[in-house]
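> File name run-v4.txt; file contents compact mmCIF, C-alpha atoms; full text below.
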# COMPACT_ATOMS: atom_id res chain seq x y z
CA MET Z 234 13.28 11.06 21.70
CA GLU Z 235 16.30 10.12 19.63
CA ARG Z 236 17.25 12.18 16.58
CA VAL Z 237 18.80 10.92 13.38
CA PRO Z 238 22.10 12.72 12.60
CA ILE Z 239 22.49 14.53 9.27
CA LEU Z 240 26.02 14.74 7.82
CA LYS Z 241 27.08 17.22 5.14
CA ILE Z 242 29.56 15.98 2.54
CA GLY Z 243 30.19 18.58 -0.14
CA ARG Z 244 26.82 19.47 -1.60
CA VAL Z 245 25.14 16.32 -0.32
CA LEU Z 246 23.39 15.69 2.99
CA LEU Z 247 23.85 12.11 4.17
CA VAL Z 248 21.39 10.48 6.52
CA SER Z 249 22.12 6.97 7.73
CA VAL Z 250 19.20 5.59 9.71
CA GLN Z 251 20.69 3.32 12.34
CA ILE Z 252 17.84 3.11 14.84
CA ASP Z 253 14.38 1.60 14.89
CA LEU Z 254 12.42 4.70 13.91
CA GLN Z 255 9.65 5.94 16.15
CA ASP Z 256 7.01 7.93 14.33
CA GLN Z 257 8.00 11.14 16.12
CA THR Z 258 11.65 10.58 15.21
CA ALA Z 259 10.68 10.19 11.56
CA LEU Z 260 8.70 13.43 11.64
CA ALA Z 261 11.61 15.23 13.33
CA LEU Z 262 13.97 13.99 10.62
CA GLN Z 263 11.66 15.43 7.98
CA GLU Z 264 11.83 18.87 9.63
CA ASP Z 265 15.56 18.73 10.40
CA LEU Z 266 16.37 17.79 6.80
CA SER Z 267 14.25 20.60 5.36
CA GLU Z 268 16.04 23.12 7.54
CA ARG Z 269 19.48 21.73 6.71
CA ILE Z 270 18.80 21.78 2.96
CA VAL Z 271 18.01 25.48 3.17
CA SER Z 272 20.79 26.41 5.61
CA THR Z 273 23.51 24.52 3.69
CA GLY Z 274 22.23 24.98 0.14
CA ALA Z 275 22.65 21.24 -0.37
CA ARG Z 276 21.69 19.93 -3.81
CA GLY Z 277 21.34 16.29 -2.88
CA VAL Z 278 20.03 14.16 -0.04
CA LEU Z 279 21.13 10.57 0.43
CA ILE Z 280 19.11 8.44 2.84
CA GLU Z 281 20.75 5.16 3.75
CA ILE Z 282 18.34 2.60 5.22
CA SER Z 283 20.25 -0.70 5.18
CA ALA Z 284 19.85 -0.97 8.98
CA LEU Z 285 16.06 -0.65 8.78
CA GLU Z 286 14.41 -4.03 9.37
CA ILE Z 287 11.05 -2.80 8.16
CA VAL Z 288 9.58 0.09 6.21
CA ASP Z 289 5.91 0.36 7.07
CA SER Z 290 3.39 2.80 5.63
CA PHE Z 291 4.44 5.55 8.02
CA ILE Z 292 8.14 5.35 7.20
CA GLY Z 293 7.32 4.87 3.52
CA ARG Z 294 5.28 8.03 3.59
CA MET Z 295 8.12 9.85 5.35
CA LEU Z 296 10.51 8.87 2.53
CA SER Z 297 8.07 10.11 -0.12
CA THR Z 298 7.46 13.34 1.78
CA ILE Z 299 11.19 14.02 2.22
CA ALA Z 300 11.71 13.47 -1.51
CA SER Z 301 8.90 15.92 -2.33
CA ILE Z 302 10.02 18.57 0.16
CA SER Z 303 13.63 18.42 -0.98
CA ARG Z 304 12.55 18.73 -4.63
CA VAL Z 305 10.61 21.88 -3.75
CA LEU Z 306 13.78 23.13 -2.05
CA ASP Z 307 15.86 22.37 -5.17
CA ALA Z 308 17.57 19.21 -3.94
CA GLU Z 309 17.29 15.62 -5.18
CA THR Z 310 16.76 12.70 -2.81
CA VAL Z 311 18.03 9.17 -3.32
CA VAL Z 312 17.10 6.36 -0.91
CA VAL Z 313 19.75 3.64 -0.80
CA GLY Z 314 20.42 0.28 0.82
CA MET Z 315 16.92 -1.13 1.17
CA ARG Z 316 17.01 -4.79 2.19
CA PRO Z 317 15.41 -7.21 -0.30
CA ALA Z 318 12.93 -8.53 2.30
CA VAL Z 319 11.91 -4.96 3.06
CA ALA Z 320 11.34 -4.23 -0.63
CA ILE Z 321 9.16 -7.34 -1.04
CA THR Z 322 7.12 -6.45 2.03
CA LEU Z 323 6.74 -2.81 1.06
CA VAL Z 324 5.31 -3.67 -2.35
CA GLU Z 325 2.93 -6.25 -0.89
CA LEU Z 326 1.83 -3.70 1.68
CA GLY Z 327 0.77 -1.54 -1.26
CA LEU Z 328 3.52 1.06 -1.31
CA SER Z 329 5.68 1.56 -4.36
CA LEU Z 330 7.50 4.73 -3.21
CA GLY Z 331 6.50 6.53 -6.39
CA GLY Z 332 8.51 9.68 -6.87
CA VAL Z 333 11.37 8.43 -4.72
CA ARG Z 334 14.64 7.67 -6.49
CA THR Z 335 16.47 4.64 -5.18
CA ALA Z 336 19.88 3.06 -5.61
CA LEU Z 337 21.36 -0.16 -4.29
CA ASN Z 338 24.08 1.42 -2.16
CA VAL Z 339 25.65 4.70 -1.06
CA GLU Z 340 28.22 4.62 -3.86
CA LYS Z 341 25.58 4.29 -6.59
CA GLY Z 342 23.39 6.89 -4.89
CA LEU Z 343 26.26 9.36 -4.85
CA GLU Z 344 26.90 8.65 -8.53
CA ILE Z 345 23.31 9.59 -9.34
CA LEU Z 346 23.52 12.81 -7.35
CA ASP Z 347 26.95 13.65 -8.79
CA ARG Z 348 25.66 13.15 -12.31
CA ASP Z 349 22.70 15.46 -11.65
CA MET Z 350 24.91 18.15 -10.21
CA THR Z 351 27.50 17.86 -12.99
CA VAL Z 352 24.80 18.27 -15.61
CA GLU Z 353 23.62 21.40 -13.83
CA ASP Z 354 27.17 22.75 -13.57
CA ASP Z 355 27.70 22.21 -17.31
CA ASN Z 356 24.50 24.08 -18.02
CA VAL Z 357 25.56 27.01 -15.88
CA ILE Z 358 28.95 27.23 -17.60
CA GLU Z 359 27.52 26.97 -21.09
CA ASP Z 360 24.62 29.27 -20.32
CA GLU Z 361 26.84 32.24 -19.53
CA PRO Z 362 28.42 32.96 -22.88
CA ALA Z 363 25.06 32.05 -24.42
CA GLY Z 364 23.86 35.49 -23.33
CA SER Z 365 25.99 37.08 -26.06
CA ALA Z 366 25.47 34.36 -28.66
CA ALA Z 367 21.76 34.44 -29.30
CA GLY Z 368 20.06 31.15 -30.04
CA SER Z 369 22.45 28.86 -28.21
CA VAL Z 370 20.60 29.04 -24.90
CA THR Z 371 18.23 26.24 -25.74
CA GLU Z 372 21.03 24.09 -27.14
CA ALA Z 373 22.90 24.31 -23.88
CA ARG Z 374 19.99 22.98 -21.86
CA TRP Z 375 20.01 19.39 -20.91
CA PRO Z 376 17.09 17.53 -22.52
CA ASN Z 377 14.81 16.49 -19.70
CA MET V 267 -7.44 -30.48 12.71
CA ALA V 268 -5.00 -30.82 15.55
CA GLU V 269 -5.38 -28.76 18.68
CA LEU V 270 -3.60 -25.43 18.63
CA SER V 271 -0.99 -25.18 21.34
CA VAL V 272 0.46 -21.94 22.62
CA LEU V 273 4.20 -22.13 23.22
CA GLY V 274 4.77 -18.65 24.55
CA THR V 275 2.89 -15.44 25.26
CA ASP V 276 3.98 -11.85 25.71
CA GLU V 277 1.87 -8.80 26.40
CA VAL V 278 2.73 -5.19 25.64
CA PRO V 279 0.64 -2.15 26.47
CA ILE V 280 0.37 0.30 23.58
CA HIS V 281 0.19 3.90 24.76
CA THR V 282 3.10 5.67 23.06
CA ASP V 283 5.20 5.69 19.89
CA ALA V 284 7.90 3.84 21.81
CA ASP V 285 5.42 1.03 22.54
CA VAL V 286 4.84 0.56 18.80
CA VAL V 287 8.59 0.03 18.42
CA ARG V 288 8.52 -2.40 21.37
CA VAL V 289 5.76 -4.44 19.69
CA ARG V 290 7.83 -4.63 16.51
CA GLN V 291 10.87 -5.85 18.44
CA LEU V 292 8.85 -8.43 20.33
CA VAL V 293 7.23 -9.81 17.18
CA ARG V 294 10.60 -9.90 15.45
CA ALA V 295 12.18 -11.87 18.31
CA ALA V 296 9.27 -14.33 18.36
CA ALA V 297 9.36 -14.75 14.56
CA VAL V 298 13.10 -15.43 14.61
CA ALA V 299 12.65 -17.99 17.41
CA ALA V 300 9.82 -19.68 15.48
CA LYS V 301 12.17 -19.91 12.47
CA LEU V 302 10.04 -17.95 10.04
CA SER V 303 11.92 -17.06 6.85
CA LEU V 304 13.47 -13.59 6.69
CA VAL V 305 10.78 -12.35 4.30
CA ASP V 306 8.00 -13.76 6.49
CA GLN V 307 9.59 -12.22 9.59
CA THR V 308 9.64 -8.87 7.83
CA LYS V 309 6.02 -9.25 6.74
CA ILE V 310 4.63 -10.09 10.19
CA VAL V 311 6.71 -7.36 11.86
CA THR V 312 5.49 -4.81 9.31
CA ALA V 313 1.88 -5.93 9.77
CA ALA V 314 2.29 -5.70 13.55
CA SER V 315 3.71 -2.21 13.21
CA GLU V 316 0.69 -1.07 11.19
CA LEU V 317 -1.79 -2.63 13.60
CA ALA V 318 -0.03 -1.36 16.72
CA ARG V 319 -0.07 2.15 15.29
CA ASN V 320 -3.78 1.81 14.53
CA THR V 321 -4.39 0.69 18.12
CA LEU V 322 -2.55 3.79 19.33
CA ILE V 323 -4.01 6.36 16.91
CA TYR V 324 -7.54 5.14 16.26
CA GLY V 325 -8.14 3.04 19.35
CA GLY V 326 -6.65 5.56 21.74
CA GLY V 327 -4.20 2.97 23.00
CA GLY V 328 -4.63 -0.62 24.02
CA GLN V 329 -2.70 -3.80 24.20
CA ALA V 330 -0.82 -6.28 22.05
CA VAL V 331 -0.52 -9.99 22.80
CA VAL V 332 2.16 -11.87 20.87
CA GLU V 333 2.05 -15.65 20.90
CA THR V 334 4.11 -18.45 19.43
CA VAL V 335 1.70 -21.21 18.42
CA ASN V 336 1.81 -24.69 16.97
CA ASP V 337 -1.10 -26.29 15.12
CA GLY V 338 0.44 -29.78 15.16
CA ARG V 339 2.05 -29.38 11.75
CA ARG V 340 3.85 -26.06 11.89
CA ARG V 341 4.74 -23.13 14.06
CA GLY V 342 3.38 -19.68 13.74
CA ILE V 343 3.29 -16.23 15.24
CA ARG V 344 -0.05 -14.88 16.33
CA ALA V 345 -0.45 -11.26 17.30
CA LEU V 346 -3.57 -9.77 18.80
CA PHE V 347 -4.28 -6.05 19.05
CA ARG V 348 -7.02 -4.87 21.35
CA ASP V 349 -8.40 -1.44 22.15
CA GLU V 350 -11.49 -0.01 23.75
CA GLY V 351 -11.75 2.88 21.33
CA PRO V 352 -14.63 4.02 19.13
CA GLY V 353 -14.66 0.83 17.04
CA ILE V 354 -14.96 0.55 13.26
CA ALA V 355 -18.38 1.44 11.83
CA ASP V 356 -17.87 -0.02 8.37
CA VAL V 357 -15.31 -2.85 8.38
CA ASP V 358 -15.42 -3.43 4.61
CA LEU V 359 -14.73 0.22 3.97
CA ALA V 360 -11.94 0.28 6.57
CA LEU V 361 -10.31 -2.65 4.75
CA THR V 362 -10.32 -0.80 1.42
CA ASP V 363 -6.92 0.31 0.11
CA GLY V 364 -6.56 4.05 0.43
CA TYR V 365 -9.45 4.60 2.81
CA THR V 366 -8.45 6.55 5.90
CA THR V 367 -10.07 8.67 8.57
CA GLY V 368 -6.74 9.67 10.07
CA GLY V 369 -4.86 11.41 7.27
CA GLY V 370 -2.56 8.45 6.61
CA LEU V 371 -2.18 6.49 3.39
CA GLY V 372 -5.04 4.13 4.17
CA LEU V 373 -2.82 1.08 3.74
CA GLY V 374 -2.34 -0.01 7.33
CA LEU V 375 -5.30 -2.32 7.76
CA SER V 376 -5.62 -3.58 4.19
CA GLY V 377 -1.84 -3.95 3.86
CA ALA V 378 -1.55 -5.82 7.16
CA ARG V 379 -4.19 -8.28 5.97
CA ARG V 380 -2.23 -8.94 2.77
CA LEU V 381 0.99 -9.53 4.70
CA CYS V 382 -0.44 -12.24 6.98
CA ASP V 383 -1.81 -15.74 6.46
CA GLU V 384 -4.81 -15.25 8.73
CA PHE V 385 -6.62 -12.08 9.65
CA GLU V 386 -9.59 -11.73 11.99
CA LEU V 387 -11.23 -8.45 12.80
CA ASP V 388 -13.81 -8.00 15.51
CA SER V 389 -15.14 -4.53 16.15
CA ALA V 390 -18.18 -2.93 17.70
CA VAL V 391 -18.98 0.77 17.56
CA GLY V 392 -18.41 2.28 20.96
CA ALA V 393 -16.90 -0.89 22.38
CA GLY V 394 -13.53 -1.24 20.68
CA THR V 395 -11.63 -3.27 18.14
CA CYS V 396 -9.79 -6.55 18.30
CA ILE V 397 -7.61 -7.73 15.41
CA GLN V 398 -5.72 -11.01 15.30
CA VAL V 399 -3.16 -11.92 12.66
CA THR V 400 -1.18 -15.12 12.16
CA LYS V 401 1.83 -16.01 10.07
CA TRP V 402 2.87 -19.66 9.69
CA THR V 403 6.20 -21.22 8.89
CA ARG V 404 6.33 -22.74 5.41
Take the structure from the file and write it as structure tokens.


Amino acid sequence: MERVPILKIGRVLLVSVQIDLQDQTALALQEDLSERIVSTGARGVLIEISALEIVDSFIGRMLSTIASISRVLDAETVVVGMRPAVAITLVELGLSLGGVRTALNVEKGLEILDRDMTVEDDNVIEDEPAGSAAGSVTEARWPN
Amino acid sequence: MAELSVLGTDEVPIHTDADVVRVRQLVRAAAVAAKLSLVDQTKIVTAASELARNTLIYGGGGQAVVETVNDGRRRGIRALFRDEGPGIADVDLALTDGYTTGGGLGLGLSGARRLCDEFELDSAVGAGTCIQVTKWTR
């Protein structure tokens, strides 16, 4: 069975799916990613699927599951590069990938993840002196 | 209606995950050769993927037959999935979105029907299931 490589770039794990995914390969990717998120402390996962000619219900479910697992492990997932024909087919199939963030390409996906991480960094920086200045803790939080 | 002619036939056994991928590749190649639009190619390949997986998981394996057909006016891709598994007891229920006995999303069968132009399901409990889908050029 082939395995999909996972690359680490800063605090982001990048997965570019370049093969026709067998179900077992998809399941292995789910497990590998979970382990890498924990071992690297990554805060973001970028899954690039522009080479995928189809996303059926199994692969769609894998994307949703990866997004959920990574959220539980304190990382955000963005799926990028879906082909238009794949998007049309996916929706007609009955899948909307609820709970999965998407972006058109790697660049935009990285922007989303960067923004998330920058917001968190700002919070950490502003939260520290807030310990001495009572009342400012809530002000420093990003409105969600 | 004009007689349906079969321009090409391919058969693939479905016994492993890798066979499901092989079915997808075969349907894709046939759909490209039949000059289906990119969206229609993607739809029939996705439907075939769902049905091949069902043959493997629920039917315990089986066979796919992929044909290029012509009805006198247009070309189409016809894919048949056959197994000798337990069969489907309640076809209407099995075709309901979200219904599953296998822990999946319950979209395979109902979704595959939506993605194709024609959908025929023949199943008998204890004897197996046969599903045929067709997608025509526009």

> One decimal, in Å: what's the spacing between atom CA of Thr282 of chain V and atom CA of Gln329 of chain V?

11.2 Å

> Which residues come within 12 Å of segment 337-343 of chain Z, counting only C-alpha atoms, excluding same-chain residues fewer than 2 positions away, as a PyMOL selection string?

chain Z and resi 242-249+276-283+309-317+320+334-335+345-351

> At a cut-off of 12 Å, which residues of chain Z touch chain V? Count all atoms listed in the file and give the answer as a PyMOL selection string.

chain Z and resi 234-235+252-260+285-295+297-298+316-330

> What does the distance between atom CA of Ile280 of chain V and atom CA of Ala330 of chain V come to in Å, to one decimal place?

6.9 Å

> I'd like the interatomic distance between atom CA of Ser267 of chain Z and atom CA of Asp354 of chain Z, to a tenth of an Å.

23.0 Å

> Write out as a PDB file with C-alpha atoms, in the coordinates of the input each polymer residue whose atoms come within 10 Å of Trp402 of chain V, counting all atoms listed in the file; drop sequence neighbours fewer than 2 positions from it.


ATOM      1  CA  ALA V 297       9.360 -14.750  14.560  1.00  0.00           C
ATOM      2  CA  ALA V 300       9.820 -19.680  15.480  1.00  0.00           C
ATOM      3  CA  LYS V 301      12.170 -19.910  12.470  1.00  0.00           C
ATOM      4  CA  LEU V 302      10.040 -17.950  10.040  1.00  0.00           C
ATOM      5  CA  SER V 303      11.920 -17.060   6.850  1.00  0.00           C
ATOM      6  CA  ASP V 306       8.000 -13.760   6.490  1.00  0.00           C
ATOM      7  CA  ILE V 310       4.630 -10.090  10.190  1.00  0.00           C
ATOM      8  CA  THR V 334       4.110 -18.450  19.430  1.00  0.00           C
ATOM      9  CA  VAL V 335       1.700 -21.210  18.420  1.00  0.00           C
ATOM     10  CA  ASN V 336       1.810 -24.690  16.970  1.00  0.00           C
ATOM     11  CA  ASP V 337      -1.100 -26.290  15.120  1.00  0.00           C
ATOM     12  CA  ARG V 339       2.050 -29.380  11.750  1.00  0.00           C
ATOM     13  CA  ARG V 340       3.850 -26.060  11.890  1.00  0.00           C
ATOM     14  CA  ARG V 341       4.740 -23.130  14.060  1.00  0.00           C
ATOM     15  CA  GLY V 342       3.380 -19.680  13.740  1.00  0.00           C
ATOM     16  CA  ILE V 343       3.290 -16.230  15.240  1.00  0.00           C
ATOM     17  CA  ARG V 344      -0.050 -14.880  16.330  1.00  0.00           C
ATOM     18  CA  CYS V 382      -0.440 -12.240   6.980  1.00  0.00           C
ATOM     19  CA  ASP V 383      -1.810 -15.740   6.460  1.00  0.00           C
ATOM     20  CA  GLU V 384      -4.810 -15.250   8.730  1.00  0.00           C
ATOM     21  CA  THR V 400      -1.180 -15.120  12.160  1.00  0.00           C
ATOM     22  CA  ARG V 404       6.330 -22.740   5.410  1.00  0.00           C
TER      23      ARG V 404
END

> Name all residues at most 12 Å from Asp388 of chain V (count all atoms listed in the file; drop same-chain ones fewer than 2 positions away) and give them as a list in words.

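Near neighbours after the sequence-gap exclusion: Leu346, Phe347, Arg348, Asp349, Glu350, Gly353, Ile354, Ala355, Asp356, Val357, Asp358, Phe385, Glu386, Ala390, Val391, Ala393, Gly394, Thr395, Cys396, Ile397, Gln398 and Val399 of chain V.
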